[in-house]
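What follows is run_35.cif (mmCIF, N, CA and C atoms).
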```
data_protein
#
loop_
_atom_site.label_atom_id
_atom_site.label_comp_id
_atom_site.auth_asym_id
_atom_site.auth_seq_id
_atom_site.Cartn_x
_atom_site.Cartn_y
_atom_site.Cartn_z
N MET Q 108 -65.81 -47.64 -3.65
CA MET Q 108 -65.05 -48.44 -4.59
C MET Q 108 -64.97 -47.75 -5.94
N LYS Q 109 -66.03 -47.07 -6.35
CA LYS Q 109 -66.01 -46.36 -7.62
C LYS Q 109 -64.94 -45.27 -7.61
N LYS Q 110 -64.75 -44.66 -6.46
CA LYS Q 110 -63.72 -43.63 -6.34
C LYS Q 110 -62.34 -44.24 -6.53
N ILE Q 111 -62.15 -45.46 -6.04
CA ILE Q 111 -60.87 -46.15 -6.19
C ILE Q 111 -60.59 -46.42 -7.67
N ILE Q 112 -61.60 -46.87 -8.39
CA ILE Q 112 -61.43 -47.16 -9.81
C ILE Q 112 -61.07 -45.89 -10.57
N LEU Q 113 -61.78 -44.83 -10.31
CA LEU Q 113 -61.51 -43.56 -10.97
C LEU Q 113 -60.10 -43.08 -10.64
N PHE Q 114 -59.71 -43.22 -9.39
CA PHE Q 114 -58.37 -42.83 -8.97
C PHE Q 114 -57.32 -43.65 -9.72
N LEU Q 115 -57.52 -44.95 -9.85
CA LEU Q 115 -56.56 -45.82 -10.54
C LEU Q 115 -56.41 -45.43 -12.00
N ILE Q 116 -57.50 -45.10 -12.65
CA ILE Q 116 -57.45 -44.69 -14.05
C ILE Q 116 -56.71 -43.36 -14.18
N CYS Q 117 -57.04 -42.41 -13.33
CA CYS Q 117 -56.38 -41.10 -13.37
C CYS Q 117 -54.89 -41.22 -13.08
N LEU Q 118 -54.55 -42.06 -12.12
CA LEU Q 118 -53.15 -42.23 -11.75
C LEU Q 118 -52.33 -42.78 -12.91
N SER Q 119 -52.84 -43.77 -13.59
CA SER Q 119 -52.08 -44.34 -14.71
C SER Q 119 -51.92 -43.33 -15.84
N SER Q 120 -52.92 -42.51 -16.08
CA SER Q 120 -52.81 -41.46 -17.10
C SER Q 120 -51.80 -40.41 -16.70
N PHE Q 121 -51.83 -40.02 -15.44
CA PHE Q 121 -50.90 -39.00 -14.95
C PHE Q 121 -49.46 -39.48 -15.02
N VAL Q 122 -49.23 -40.71 -14.62
CA VAL Q 122 -47.87 -41.26 -14.63
C VAL Q 122 -47.34 -41.32 -16.06
N TYR Q 123 -48.17 -41.70 -17.00
CA TYR Q 123 -47.72 -41.76 -18.40
C TYR Q 123 -47.39 -40.37 -18.91
N ALA Q 124 -48.22 -39.38 -18.61
CA ALA Q 124 -47.97 -38.01 -19.06
C ALA Q 124 -46.69 -37.46 -18.43
N ALA Q 125 -46.47 -37.74 -17.17
CA ALA Q 125 -45.25 -37.28 -16.50
C ALA Q 125 -44.02 -37.90 -17.13
N ASP Q 126 -44.13 -39.14 -17.54
CA ASP Q 126 -43.01 -39.83 -18.19
C ASP Q 126 -42.69 -39.19 -19.53
N GLU Q 127 -43.71 -38.82 -20.29
CA GLU Q 127 -43.49 -38.14 -21.57
C GLU Q 127 -42.79 -36.80 -21.36
N ASP Q 128 -43.15 -36.09 -20.30
CA ASP Q 128 -42.48 -34.82 -19.98
C ASP Q 128 -41.00 -35.04 -19.71
N ARG Q 129 -40.67 -36.13 -19.03
CA ARG Q 129 -39.27 -36.46 -18.76
C ARG Q 129 -38.48 -36.60 -20.05
N PHE Q 130 -39.05 -37.33 -20.99
CA PHE Q 130 -38.35 -37.54 -22.26
C PHE Q 130 -38.19 -36.23 -23.02
N ARG Q 131 -39.19 -35.35 -22.95
CA ARG Q 131 -39.07 -34.05 -23.61
C ARG Q 131 -37.96 -33.22 -22.99
N THR Q 132 -37.77 -33.34 -21.69
CA THR Q 132 -36.71 -32.61 -20.99
C THR Q 132 -35.33 -32.98 -21.55
N LEU Q 133 -35.18 -34.20 -21.99
CA LEU Q 133 -33.89 -34.67 -22.51
C LEU Q 133 -33.47 -33.89 -23.76
N GLU Q 134 -34.44 -33.33 -24.47
CA GLU Q 134 -34.14 -32.60 -25.70
C GLU Q 134 -33.27 -31.38 -25.44
N THR Q 135 -33.22 -30.91 -24.22
CA THR Q 135 -32.42 -29.72 -23.89
C THR Q 135 -30.98 -30.05 -23.54
N LEU Q 136 -30.58 -31.31 -23.64
CA LEU Q 136 -29.26 -31.73 -23.16
C LEU Q 136 -28.21 -31.84 -24.26
N ASN Q 137 -28.50 -31.38 -25.46
CA ASN Q 137 -27.55 -31.48 -26.58
C ASN Q 137 -27.03 -32.90 -26.74
N LEU Q 138 -27.95 -33.82 -26.95
CA LEU Q 138 -27.59 -35.23 -27.09
C LEU Q 138 -26.90 -35.48 -28.42
N SER Q 139 -25.94 -36.39 -28.40
CA SER Q 139 -25.29 -36.81 -29.64
C SER Q 139 -26.26 -37.73 -30.39
N LEU Q 140 -25.98 -37.98 -31.65
CA LEU Q 140 -26.83 -38.87 -32.44
C LEU Q 140 -26.90 -40.27 -31.83
N PRO Q 141 -25.76 -40.87 -31.43
CA PRO Q 141 -25.86 -42.19 -30.79
C PRO Q 141 -26.69 -42.17 -29.51
N GLN Q 142 -26.58 -41.11 -28.73
CA GLN Q 142 -27.38 -41.01 -27.50
C GLN Q 142 -28.87 -40.93 -27.86
N LYS Q 143 -29.20 -40.13 -28.85
CA LYS Q 143 -30.60 -40.00 -29.27
C LYS Q 143 -31.15 -41.35 -29.71
N GLN Q 144 -30.35 -42.10 -30.47
CA GLN Q 144 -30.79 -43.41 -30.94
C GLN Q 144 -30.98 -44.38 -29.78
N GLN Q 145 -30.04 -44.39 -28.85
CA GLN Q 145 -30.16 -45.29 -27.69
C GLN Q 145 -31.39 -44.94 -26.87
N ILE Q 146 -31.61 -43.66 -26.65
CA ILE Q 146 -32.75 -43.23 -25.84
C ILE Q 146 -34.06 -43.54 -26.57
N GLU Q 147 -34.07 -43.36 -27.88
CA GLU Q 147 -35.26 -43.69 -28.65
C GLU Q 147 -35.57 -45.19 -28.56
N ASN Q 148 -34.53 -46.02 -28.59
CA ASN Q 148 -34.72 -47.47 -28.43
C ASN Q 148 -35.28 -47.80 -27.05
N ILE Q 149 -34.77 -47.15 -26.03
CA ILE Q 149 -35.26 -47.37 -24.66
C ILE Q 149 -36.73 -46.94 -24.57
N LYS Q 150 -37.02 -45.80 -25.15
CA LYS Q 150 -38.39 -45.27 -25.11
C LYS Q 150 -39.35 -46.20 -25.86
N ASN Q 151 -38.93 -46.71 -27.00
CA ASN Q 151 -39.80 -47.61 -27.77
C ASN Q 151 -40.03 -48.92 -27.04
N GLU Q 152 -38.98 -49.44 -26.42
CA GLU Q 152 -39.13 -50.67 -25.64
C GLU Q 152 -40.10 -50.46 -24.49
N GLN Q 153 -39.93 -49.35 -23.80
CA GLN Q 153 -40.81 -49.02 -22.68
C GLN Q 153 -42.24 -48.86 -23.17
N LYS Q 154 -42.40 -48.17 -24.29
CA LYS Q 154 -43.75 -47.90 -24.79
C LYS Q 154 -44.50 -49.19 -25.11
N SER Q 155 -43.82 -50.15 -25.74
CA SER Q 155 -44.50 -51.40 -26.08
C SER Q 155 -44.88 -52.18 -24.83
N GLN Q 156 -44.01 -52.18 -23.82
CA GLN Q 156 -44.32 -52.88 -22.57
C GLN Q 156 -45.49 -52.20 -21.86
N ILE Q 157 -45.47 -50.88 -21.86
CA ILE Q 157 -46.51 -50.12 -21.17
C ILE Q 157 -47.86 -50.31 -21.86
N GLN Q 158 -47.88 -50.34 -23.18
CA GLN Q 158 -49.14 -50.51 -23.89
C GLN Q 158 -49.82 -51.82 -23.51
N VAL Q 159 -49.03 -52.88 -23.40
CA VAL Q 159 -49.59 -54.18 -23.02
C VAL Q 159 -50.19 -54.11 -21.62
N LEU Q 160 -49.42 -53.53 -20.70
CA LEU Q 160 -49.91 -53.45 -19.31
C LEU Q 160 -51.10 -52.51 -19.17
N GLN Q 161 -51.10 -51.41 -19.92
CA GLN Q 161 -52.23 -50.48 -19.84
C GLN Q 161 -53.51 -51.13 -20.38
N ALA Q 162 -53.37 -51.94 -21.41
CA ALA Q 162 -54.54 -52.66 -21.93
C ALA Q 162 -55.05 -53.64 -20.87
N GLU Q 163 -54.13 -54.32 -20.22
CA GLU Q 163 -54.50 -55.26 -19.16
C GLU Q 163 -55.14 -54.51 -17.98
N LEU Q 164 -54.60 -53.35 -17.66
CA LEU Q 164 -55.15 -52.54 -16.57
C LEU Q 164 -56.57 -52.09 -16.90
N LYS Q 165 -56.78 -51.65 -18.13
CA LYS Q 165 -58.11 -51.21 -18.53
C LYS Q 165 -59.11 -52.36 -18.47
N LEU Q 166 -58.70 -53.52 -18.97
CA LEU Q 166 -59.58 -54.69 -18.95
C LEU Q 166 -59.96 -55.07 -17.51
N ASN Q 167 -58.98 -55.09 -16.63
CA ASN Q 167 -59.25 -55.47 -15.24
C ASN Q 167 -60.04 -54.40 -14.50
N THR Q 168 -59.84 -53.15 -14.85
CA THR Q 168 -60.62 -52.07 -14.24
C THR Q 168 -62.09 -52.21 -14.65
N GLU Q 169 -62.32 -52.55 -15.91
CA GLU Q 169 -63.69 -52.77 -16.38
C GLU Q 169 -64.32 -53.98 -15.66
N LYS Q 170 -63.52 -55.03 -15.49
CA LYS Q 170 -64.01 -56.21 -14.76
C LYS Q 170 -64.40 -55.82 -13.33
N LEU Q 171 -63.58 -54.98 -12.72
CA LEU Q 171 -63.86 -54.55 -11.36
C LEU Q 171 -65.17 -53.77 -11.29
N LYS Q 172 -65.40 -52.91 -12.25
CA LYS Q 172 -66.67 -52.18 -12.31
C LYS Q 172 -67.85 -53.15 -12.40
N THR Q 173 -67.69 -54.15 -13.25
CA THR Q 173 -68.76 -55.14 -13.43
C THR Q 173 -69.01 -55.91 -12.13
N LEU Q 174 -67.92 -56.32 -11.48
CA LEU Q 174 -68.07 -57.04 -10.22
C LEU Q 174 -68.77 -56.18 -9.17
N GLN Q 175 -68.41 -54.92 -9.12
CA GLN Q 175 -69.02 -54.02 -8.12
C GLN Q 175 -70.51 -53.85 -8.35
N ASN Q 176 -70.90 -53.88 -9.61
CA ASN Q 176 -72.32 -53.67 -9.93
C ASN Q 176 -73.12 -54.97 -9.88
N ASN Q 177 -72.44 -56.09 -9.71
CA ASN Q 177 -73.11 -57.38 -9.64
C ASN Q 177 -73.35 -57.72 -8.17
N GLU Q 178 -74.60 -57.85 -7.81
CA GLU Q 178 -74.91 -58.12 -6.40
C GLU Q 178 -74.46 -59.50 -5.94
N ASN Q 179 -74.13 -60.38 -6.87
CA ASN Q 179 -73.67 -61.73 -6.51
C ASN Q 179 -72.15 -61.83 -6.34
N SER Q 180 -71.45 -60.73 -6.58
CA SER Q 180 -69.99 -60.74 -6.45
C SER Q 180 -69.61 -60.79 -4.98
N SER Q 181 -68.57 -61.57 -4.72
CA SER Q 181 -68.11 -61.66 -3.34
C SER Q 181 -67.01 -60.63 -3.09
N GLU Q 182 -66.83 -60.34 -1.83
CA GLU Q 182 -65.77 -59.42 -1.43
C GLU Q 182 -64.41 -59.97 -1.83
N GLU Q 183 -64.26 -61.29 -1.75
CA GLU Q 183 -62.99 -61.93 -2.11
C GLU Q 183 -62.66 -61.72 -3.59
N GLU Q 184 -63.68 -61.85 -4.44
CA GLU Q 184 -63.47 -61.64 -5.89
C GLU Q 184 -63.01 -60.21 -6.16
N ILE Q 185 -63.68 -59.28 -5.51
CA ILE Q 185 -63.35 -57.87 -5.70
C ILE Q 185 -61.95 -57.57 -5.18
N GLU Q 186 -61.62 -58.08 -4.02
CA GLU Q 186 -60.28 -57.86 -3.45
C GLU Q 186 -59.19 -58.48 -4.31
N ALA Q 187 -59.46 -59.67 -4.86
CA ALA Q 187 -58.48 -60.34 -5.72
C ALA Q 187 -58.22 -59.51 -6.98
N LEU Q 188 -59.27 -58.96 -7.54
CA LEU Q 188 -59.11 -58.14 -8.74
C LEU Q 188 -58.41 -56.82 -8.41
N LYS Q 189 -58.72 -56.25 -7.26
CA LYS Q 189 -58.02 -55.04 -6.83
C LYS Q 189 -56.53 -55.31 -6.66
N THR Q 190 -56.20 -56.46 -6.11
CA THR Q 190 -54.79 -56.85 -5.94
C THR Q 190 -54.12 -56.98 -7.29
N LYS Q 191 -54.82 -57.58 -8.24
CA LYS Q 191 -54.26 -57.73 -9.59
C LYS Q 191 -54.02 -56.36 -10.23
N ILE Q 192 -54.96 -55.45 -10.07
CA ILE Q 192 -54.83 -54.10 -10.62
C ILE Q 192 -53.63 -53.40 -9.98
N ASN Q 193 -53.48 -53.53 -8.68
CA ASN Q 193 -52.34 -52.92 -7.99
C ASN Q 193 -51.02 -53.50 -8.50
N SER Q 194 -51.02 -54.79 -8.78
CA SER Q 194 -49.83 -55.46 -9.30
C SER Q 194 -49.45 -54.91 -10.69
N ILE Q 195 -50.44 -54.70 -11.52
CA ILE Q 195 -50.21 -54.15 -12.86
C ILE Q 195 -49.65 -52.73 -12.74
N GLN Q 196 -50.23 -51.94 -11.85
CA GLN Q 196 -49.73 -50.58 -11.66
C GLN Q 196 -48.29 -50.57 -11.16
N SER Q 197 -47.99 -51.50 -10.29
CA SER Q 197 -46.62 -51.62 -9.79
C SER Q 197 -45.66 -51.99 -10.93
N ALA Q 198 -46.09 -52.89 -11.79
CA ALA Q 198 -45.27 -53.28 -12.94
C ALA Q 198 -45.05 -52.10 -13.88
N LEU Q 199 -46.08 -51.30 -14.08
CA LEU Q 199 -45.94 -50.09 -14.90
C LEU Q 199 -44.90 -49.14 -14.31
N SER Q 200 -44.99 -48.95 -13.02
CA SER Q 200 -44.03 -48.08 -12.34
C SER Q 200 -42.61 -48.63 -12.45
N ASP Q 201 -42.45 -49.93 -12.29
CA ASP Q 201 -41.13 -50.55 -12.40
C ASP Q 201 -40.52 -50.34 -13.78
N ILE Q 202 -41.33 -50.50 -14.81
CA ILE Q 202 -40.85 -50.31 -16.18
C ILE Q 202 -40.35 -48.89 -16.37
N LYS Q 203 -41.10 -47.93 -15.88
CA LYS Q 203 -40.73 -46.53 -16.05
C LYS Q 203 -39.45 -46.20 -15.29
N VAL Q 204 -39.33 -46.70 -14.09
CA VAL Q 204 -38.12 -46.44 -13.29
C VAL Q 204 -36.90 -47.08 -13.96
N LYS Q 205 -37.04 -48.33 -14.37
CA LYS Q 205 -35.91 -49.02 -15.01
C LYS Q 205 -35.52 -48.35 -16.32
N SER Q 206 -36.50 -47.89 -17.07
CA SER Q 206 -36.21 -47.20 -18.33
C SER Q 206 -35.46 -45.90 -18.06
N TRP Q 207 -35.89 -45.20 -17.04
CA TRP Q 207 -35.24 -43.93 -16.72
C TRP Q 207 -33.80 -44.16 -16.26
N ILE Q 208 -33.56 -45.22 -15.53
CA ILE Q 208 -32.20 -45.57 -15.13
C ILE Q 208 -31.35 -45.87 -16.37
N LYS Q 209 -31.92 -46.59 -17.33
CA LYS Q 209 -31.20 -46.88 -18.58
C LYS Q 209 -30.89 -45.58 -19.32
N VAL Q 210 -31.84 -44.69 -19.38
CA VAL Q 210 -31.63 -43.41 -20.07
C VAL Q 210 -30.50 -42.64 -19.41
N LYS Q 211 -30.52 -42.58 -18.09
CA LYS Q 211 -29.49 -41.83 -17.38
C LYS Q 211 -28.11 -42.44 -17.60
N SER Q 212 -28.03 -43.74 -17.83
CA SER Q 212 -26.74 -44.39 -18.06
C SER Q 212 -26.17 -44.01 -19.43
N VAL Q 213 -27.02 -43.53 -20.33
CA VAL Q 213 -26.59 -43.11 -21.66
C VAL Q 213 -25.98 -41.70 -21.61
N LEU Q 214 -26.36 -40.93 -20.62
CA LEU Q 214 -25.93 -39.54 -20.52
C LEU Q 214 -24.53 -39.41 -19.94
N SER Q 215 -23.87 -38.34 -20.33
CA SER Q 215 -22.56 -38.03 -19.75
C SER Q 215 -22.77 -37.48 -18.34
N PRO Q 216 -21.71 -37.43 -17.52
CA PRO Q 216 -21.86 -36.83 -16.18
C PRO Q 216 -22.38 -35.39 -16.24
N GLU Q 217 -21.92 -34.64 -17.23
CA GLU Q 217 -22.37 -33.24 -17.37
C GLU Q 217 -23.86 -33.18 -17.72
N GLN Q 218 -24.28 -34.06 -18.61
CA GLN Q 218 -25.69 -34.09 -18.98
C GLN Q 218 -26.56 -34.54 -17.81
N ASN Q 219 -26.07 -35.49 -17.04
CA ASN Q 219 -26.82 -35.92 -15.85
C ASN Q 219 -26.95 -34.78 -14.85
N GLU Q 220 -25.90 -34.01 -14.70
CA GLU Q 220 -25.93 -32.86 -13.78
C GLU Q 220 -26.95 -31.83 -14.27
N LYS Q 221 -26.90 -31.53 -15.56
CA LYS Q 221 -27.84 -30.57 -16.13
C LYS Q 221 -29.28 -31.07 -15.97
N LEU Q 222 -29.47 -32.35 -16.21
CA LEU Q 222 -30.80 -32.94 -16.05
C LEU Q 222 -31.28 -32.83 -14.60
N ARG Q 223 -30.40 -33.14 -13.67
CA ARG Q 223 -30.74 -33.04 -12.25
C ARG Q 223 -31.16 -31.60 -11.91
N ASN Q 224 -30.43 -30.63 -12.42
CA ASN Q 224 -30.76 -29.22 -12.16
C ASN Q 224 -32.09 -28.84 -12.79
N LEU Q 225 -32.35 -29.35 -13.98
CA LEU Q 225 -33.64 -29.06 -14.63
C LEU Q 225 -34.80 -29.66 -13.83
N GLN Q 226 -34.60 -30.86 -13.34
CA GLN Q 226 -35.66 -31.51 -12.57
C GLN Q 226 -35.90 -30.80 -11.25
N LEU Q 227 -34.85 -30.30 -10.64
CA LEU Q 227 -34.99 -29.58 -9.37
C LEU Q 227 -35.71 -28.25 -9.56
N SER Q 228 -35.54 -27.64 -10.74
CA SER Q 228 -36.16 -26.34 -10.97
C SER Q 228 -37.64 -26.45 -11.32
N HIS Q 229 -38.12 -27.65 -11.62
CA HIS Q 229 -39.55 -27.82 -11.95
C HIS Q 229 -40.33 -28.27 -10.81
#
```

Write out the structure in this file as structure tokens.
Amino acid sequence: MKKIILFLICLSSFVYAADEDRFRTLETLNLSLPQKQQIENIKNEQKSQIQVLQAELKLNTEKLKTLQNNENSSEEEIEALKTKINSIQSALSDIKVKSWIKVKSVLSPEQNEKLRNLQLSH
């Protein structure tokens, strides 16, 4: 179970870092000022949503550690908390996917093509 907790923490950190790399890639697309502003708004909205969920994820991960170390904890309690943690991670993933879809809708067809090529080359 400790390995699961460690994996969950590492996964959420990795996903966030990968998302930041995506936004950096956009800098190579010669974005117009309105595009930059729209993308910055999308990024800020995503960031605030993610911060709330990451705080909730951290809190529940700590609770899970406590439950695991408590000999009076039931398997049902631990499973329920694991389910909640998985739900939070799923919500984080959904936010990132939806944000990326919004970002792509701001780009021109040429910029989307260039972005696709950049992603394929990495």

Taking only C-alpha atoms into account, name the residue in Q:Gln226, Q:Asn151, Q:Gln144, Q:Asn176 that is nearest to Q:Arg129.
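For Q:Arg129, the nearest of the given residues is Q:Gln226.
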
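Comparing the minimum interatomic distances between Q:Lys170 and each of Q:Glu147, Q:Ile208, Q:Leu188, Q:Ile195, counting all atoms listed in the file, we find that Q:Leu188 sits nearest.
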
Name the closest residue to Q:Ala162 among the candidates Q:Pro216, Q:Trp207, Q:Gln196, Q:Glu186; distances are taken between atoms, counting only C-alpha atoms.
Q:Gln196

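Between atom CA of Q:Asn193 and atom CA of Q:Leu166 the interatomic distance comes to 13.3 Å.
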
Q:Gln156 surroundings by only C-alpha atoms, 10 Å radius, close-in-sequence under 5 positions cut, as a PyMOL selection string:
chain Q and resi 150-151+161+198-199+202-203

Find the distance between atom CA of Q:Leu136 and atom CA of Q:Gln218 and write it in Å to one decimal.
6.0 Å
